[in-house]
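File shown: protein24.txt (compact mmCIF, C-alpha atoms and all ligand atoms).
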# COMPACT_ATOMS: atom_id res chain seq x y z
CA MET A 49 101.33 146.00 80.25
CA ASN A 50 97.74 145.34 81.16
CA THR A 51 96.58 142.58 83.44
CA GLU A 52 93.05 142.60 82.08
CA LYS A 53 91.10 139.54 81.26
CA ALA A 54 90.87 138.47 77.67
CA THR A 55 87.81 139.87 75.96
CA PHE A 56 86.22 138.67 72.77
CA ILE A 57 86.49 141.32 70.06
CA PRO A 58 83.88 140.58 67.38
CA ASP A 59 84.07 141.05 63.61
CA LYS A 60 87.69 140.22 62.96
CA ARG A 61 88.88 138.43 59.86
CA LYS A 62 90.62 135.71 61.78
CA TYR A 63 91.57 135.00 65.39
CA LEU A 64 95.06 134.01 66.38
CA PHE A 65 95.78 132.39 69.71
CA LEU A 66 99.29 131.95 71.00
CA THR A 67 99.36 130.31 74.36
CA ASP A 68 100.44 127.50 76.64
CA GLN A 69 98.61 125.13 78.96
CA LYS A 70 97.72 127.67 81.63
CA GLY A 71 97.13 130.47 79.16
CA LEU A 72 94.66 128.26 77.34
CA VAL A 73 92.45 128.26 80.42
CA ILE A 74 92.59 132.06 80.51
CA LEU A 75 91.66 132.31 76.83
CA GLN A 76 89.09 129.51 76.90
CA HIS A 77 86.01 131.74 76.95
CA VAL A 78 87.30 133.76 73.99
CA ILE A 79 88.09 130.60 72.03
CA ASP A 80 84.60 129.30 72.85
CA ALA A 81 83.05 132.53 71.58
CA VAL A 82 85.06 132.31 68.35
CA VAL A 83 84.11 128.67 67.81
CA GLU A 84 80.44 129.35 68.58
CA SER A 85 80.41 132.24 66.11
CA ASN A 86 81.94 129.98 63.47
CA LEU A 87 84.84 132.33 62.91
CA PRO A 88 88.18 131.24 61.52
CA PHE A 89 91.04 130.89 63.97
CA GLU A 90 94.50 129.44 64.41
CA LEU A 91 95.95 128.25 67.64
CA VAL A 92 99.67 127.92 68.27
CA PHE A 93 100.49 126.06 71.41
CA ILE A 94 103.73 126.68 73.24
CA GLY A 95 104.62 123.67 75.34
CA GLY A 96 105.08 123.80 79.05
CA SER A 97 108.64 122.56 79.16
CA SER A 98 111.42 124.30 77.32
CA GLU A 99 112.29 121.30 75.14
CA ASP A 100 109.03 121.04 73.24
CA GLU A 101 108.58 124.78 72.99
CA THR A 102 107.77 126.29 69.63
CA PRO A 103 110.92 128.19 68.70
CA GLN A 104 110.56 131.94 68.60
CA THR A 105 111.66 131.97 64.96
CA ASP A 106 108.64 129.82 64.08
CA VAL A 107 106.35 132.09 66.06
CA SER A 108 107.88 135.05 64.27
CA MET A 109 107.30 133.42 60.89
CA TRP A 110 103.72 132.54 61.78
CA LEU A 111 102.96 136.09 62.90
CA SER A 112 104.60 137.60 59.81
CA GLN A 113 102.34 135.58 57.55
CA GLN A 114 99.16 136.99 59.06
CA LYS A 115 97.02 139.41 57.14
CA MET A 116 95.65 142.76 58.19
CA GLY A 117 92.44 142.43 60.16
CA ASN A 118 93.54 139.39 62.09
CA PHE A 119 93.35 139.65 65.84
CA LEU A 120 96.00 138.19 68.11
CA TYR A 121 95.56 136.83 71.62
CA VAL A 122 98.63 135.89 73.60
CA SER A 123 98.47 134.38 77.05
CA LEU A 124 101.73 133.28 78.60
CA GLN A 125 103.83 133.69 81.69
CA TRP A 126 104.89 137.28 82.14
CA ASP A 127 108.52 136.89 81.13
CA LYS A 128 107.63 134.95 77.99
CA LEU A 129 104.79 137.33 77.25
CA ASP A 130 107.14 140.29 77.18
CA SER A 131 109.35 138.82 74.47
CA ILE A 132 106.37 137.70 72.37
CA LYS A 133 104.79 141.13 72.70
CA ARG A 134 107.98 142.79 71.48
CA LEU A 135 108.12 140.32 68.61
CA ALA A 136 104.49 140.97 67.62
CA GLU A 137 104.98 144.73 67.82
CA ASP A 138 108.08 144.50 65.64
CA ILE A 139 106.07 142.56 63.10
CA GLY A 140 103.41 145.24 63.15
CA PHE A 141 100.61 144.22 65.49
CA SER A 142 99.30 147.37 67.12
CA ASN A 143 97.64 147.47 70.54
CA GLU A 144 94.27 147.54 68.77
CA GLU A 145 95.05 144.26 67.04
CA ALA A 146 96.22 142.22 69.97
CA GLN A 147 95.58 141.35 73.59
CA TYR A 148 98.32 140.15 75.89
CA ILE A 149 97.36 138.41 79.09
CA GLY A 150 100.14 137.46 81.44
CA TYR A 151 99.94 135.16 84.39
CA GLY A 152 102.13 134.00 87.20
CA GLU A 153 104.84 136.00 88.80
CA LYS A 154 105.77 139.22 87.15
CA LYS A 155 109.38 140.21 87.13
CA THR A 156 110.39 143.81 87.19
CA ASN A 157 113.93 144.91 86.56
CA VAL A 158 115.19 147.81 88.60
CA PHE A 159 118.16 149.80 87.42
CA CYS A 160 120.39 151.07 90.19
CA CYS A 161 121.22 154.76 89.86
CA ARG A 162 124.53 154.30 91.65
CA CYS A 163 126.15 151.13 90.32
CA HIS A 164 123.96 150.65 87.19
CA GLY A 165 123.29 147.05 88.19
CA ILE A 166 119.95 145.41 87.56
CA THR A 167 118.00 143.89 90.43
CA VAL A 168 115.09 141.63 89.55
CA VAL A 169 112.01 142.09 91.70
CA ARG A 170 109.23 139.55 91.66
CA GLU A 171 105.72 140.87 91.86
CA LYS A 172 102.79 138.68 92.67
CA GLU A 173 100.05 138.58 90.09
CA THR A 174 97.51 139.50 92.71
CA SER A 175 99.10 142.80 93.63
CA GLU A 176 97.21 145.32 91.56
CA GLU A 177 99.22 148.01 93.25
CA LYS A 178 101.76 149.30 90.76
CA GLU A 179 103.93 150.80 93.43
CA LEU A 180 106.82 148.64 94.45
CA PRO A 181 108.28 148.75 97.91
CA GLU A 182 111.76 149.97 98.40
CA ILE A 183 114.28 147.40 97.39
CA ARG A 184 117.91 146.83 98.02
CA CYS A 185 120.26 146.80 95.05
CA LYS A 186 121.75 143.32 95.02
CA HIS A 187 124.99 144.64 93.54
CA CYS A 188 125.89 147.57 95.78
CA ASP A 189 123.35 147.20 98.61
CA LEU A 190 121.92 150.69 98.14
CA LEU A 191 118.33 151.13 99.26
CA LEU A 192 116.35 152.10 96.17
CA SER A 193 112.93 153.54 95.56
CA VAL A 194 111.48 152.34 92.31
CA SER A 195 110.31 155.12 90.02
CA ASP A 196 107.80 154.75 87.21
CA HIS A 197 110.47 155.86 84.76
CA TYR A 198 110.94 152.92 82.44
CA SER A 199 113.96 152.56 80.19
CA SER A 200 113.19 150.37 77.21
CA LEU A 201 116.90 150.32 76.43
CA ARG A 202 117.66 148.60 79.71
CA ASP A 203 114.24 146.97 80.08
CA ALA A 204 114.21 148.29 83.62
CA TYR A 205 112.68 150.86 85.90
CA LEU A 206 114.96 153.46 87.32
CA GLY A 207 115.70 153.02 91.00
CA TYR A 208 116.75 156.12 92.86
CA VAL A 209 118.16 156.63 96.34
CA ALA A 210 115.43 156.02 98.87
CA LYS A 211 114.81 158.86 101.29
CA LEU A 212 116.78 158.36 104.43
ZN ZN A 301 123.57 149.36 92.95

Using structure tokens, write down the structure that the file contains.
Ligand SMILES: [Zn+2]
Amino acid sequence: MNTEKATFIPDKRKYLFLTDQKGLVILQHVIDAVVESNLPFELVFIGGSSEDETPQTDVSMWLSQQKMGNFLYVSLQWDKLDSIKRLAEDIGFSNEEAQYIGYGEKKTNVFCCRCHGITVVREKETSEEKELPEIRCKHCDLLLSVSDHYSSLRDAYLGYVAKL
């Protein structure tokens, strides 16, 4: 997933923004550009606390109703962003029709090659470096190197035995 800044893509039929309080700040310059250009847009706000959050079923319905040529911007915390991205992709938004901008701590799941347990590693937003340090499996205590082999089935990167 990219960590790029949101960029205004001109000449779309309509602009869709799905975001929360912090994400709104990230998307602000794109929203400004859309408003200044007098282009149609819709903004769905996902509340900060879990109680007043727009249910995912509503988000799903909203996205399903959109026509071809609409452009989607999503800016949310990484873990929420992942599920919304999957949802949007299932509905049919391609990478050319959407931008996803995550913020905050990024969680990476690491799959242990020995015990098949998942260890969650938190990455700081600032670390551009993709490479993760060696981690210790929290289930069997094995020292793991994190590969770039990603299993979408397990939503995790494969951890293999770190060189001794
Ligand atoms: Zn393990």

Check your understanding: Smallest atom-to-atom distance to Val169 in chain A: which of A:Leu135, A:Ala204, A:Glu90, A:Phe65, using all atoms listed in the file?
Key -> A:Ala204

Exercise for review: Pick out the residues no farther than 6 Å from ligand ZN 301 (chain A), counting only C-alpha atoms and all ligand atoms, and list them as a list in words.
Suggested key: Cys160, Arg162, Cys163, His164, Gly165, Cys185, His187, Cys188 and Leu190 of chain A

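Distance-wise, CA of Met116 in chain A and CA of Phe89 in chain A end up 14.0 Å apart.
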
Practice item. Name all residues at most 12 Å from Lys128 in chain A (count all atoms listed in the file; drop same-chain ones fewer than 5 positions away) and give them as a PyMOL selection string. Key: chain A and resi 66-68+71+94-96+98+101+103-104+122-123+133-135+148-155

Just the selected residues (C-alpha atoms), exported as a CSV table (one decimal), keeping the file's coordinate frame, please.
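Done, and the output landed in selection.csv:
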chain,number,residue,atom,x,y,z
A,66,LEU,CA,99.3,132.0,71.0
A,67,THR,CA,99.4,130.3,74.4
A,68,ASP,CA,100.4,127.5,76.6
A,71,GLY,CA,97.1,130.5,79.2
A,94,ILE,CA,103.7,126.7,73.2
A,95,GLY,CA,104.6,123.7,75.3
A,96,GLY,CA,105.1,123.8,79.0
A,98,SER,CA,111.4,124.3,77.3
A,101,GLU,CA,108.6,124.8,73.0
A,103,PRO,CA,110.9,128.2,68.7
A,104,GLN,CA,110.6,131.9,68.6
A,122,VAL,CA,98.6,135.9,73.6
A,123,SER,CA,98.5,134.4,77.0
A,133,LYS,CA,104.8,141.1,72.7
A,134,ARG,CA,108.0,142.8,71.5
A,135,LEU,CA,108.1,140.3,68.6
A,148,TYR,CA,98.3,140.2,75.9
A,149,ILE,CA,97.4,138.4,79.1
A,150,GLY,CA,100.1,137.5,81.4
A,151,TYR,CA,99.9,135.2,84.4
A,152,GLY,CA,102.1,134.0,87.2
A,153,GLU,CA,104.8,136.0,88.8
A,154,LYS,CA,105.8,139.2,87.2
A,155,LYS,CA,109.4,140.2,87.1

Could you tell me, as a JSON list (two decimals) with C-alpha atoms, in the frame of the given file, which residues have any atom at most 9 Å from (101.8, 143.7, 62.5), counting only C-alpha atoms?
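Generated file (part38.json):
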[["chain", "number", "residue", "atom", "x", "y", "z"],
["A", 111, "LEU", "CA", 102.96, 136.09, 62.90],
["A", 112, "SER", "CA", 104.60, 137.60, 59.81],
["A", 114, "GLN", "CA", 99.16, 136.99, 59.06],
["A", 115, "LYS", "CA", 97.02, 139.41, 57.14],
["A", 116, "MET", "CA", 95.65, 142.76, 58.19],
["A", 136, "ALA", "CA", 104.49, 140.97, 67.62],
["A", 137, "GLU", "CA", 104.98, 144.73, 67.82],
["A", 138, "ASP", "CA", 108.08, 144.50, 65.64],
["A", 139, "ILE", "CA", 106.07, 142.56, 63.10],
["A", 140, "GLY", "CA", 103.41, 145.24, 63.15],
["A", 141, "PHE", "CA", 100.61, 144.22, 65.49],
["A", 142, "SER", "CA", 99.30, 147.37, 67.12],
["A", 145, "GLU", "CA", 95.05, 144.26, 67.04]]

Exercise for review: In the coordinate frame of the file, compute which residues have an atom within 6 Å of (91.1, 140.5, 57.8) when using all atoms listed in the file, and state them as a PyMOL selection string.
Suggested key: chain A and resi 61+116-118

Point to revise | Distance in Å - CA of Leu87 in chain A versus CA of Pro58 in chain A | key: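 Computing it gives 9.4 Å between the two atoms.
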
Review point. So which one's closest to Lys60 in chain A, A:Ser199, A:Thr156, A:Thr105, A:Asn86? Using all atoms listed in the file, please.
Key: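 Of A:Ser199, A:Thr156, A:Thr105, A:Asn86, the one nearest Lys60 in chain A is A:Asn86, counting all atoms listed in the file.
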
Check your understanding: For the atom pair CA of Val168 in chain A and CA of Asp196 in chain A, what is the interatomic distance in Å to one decimal place?
Key -> 15.2 Å
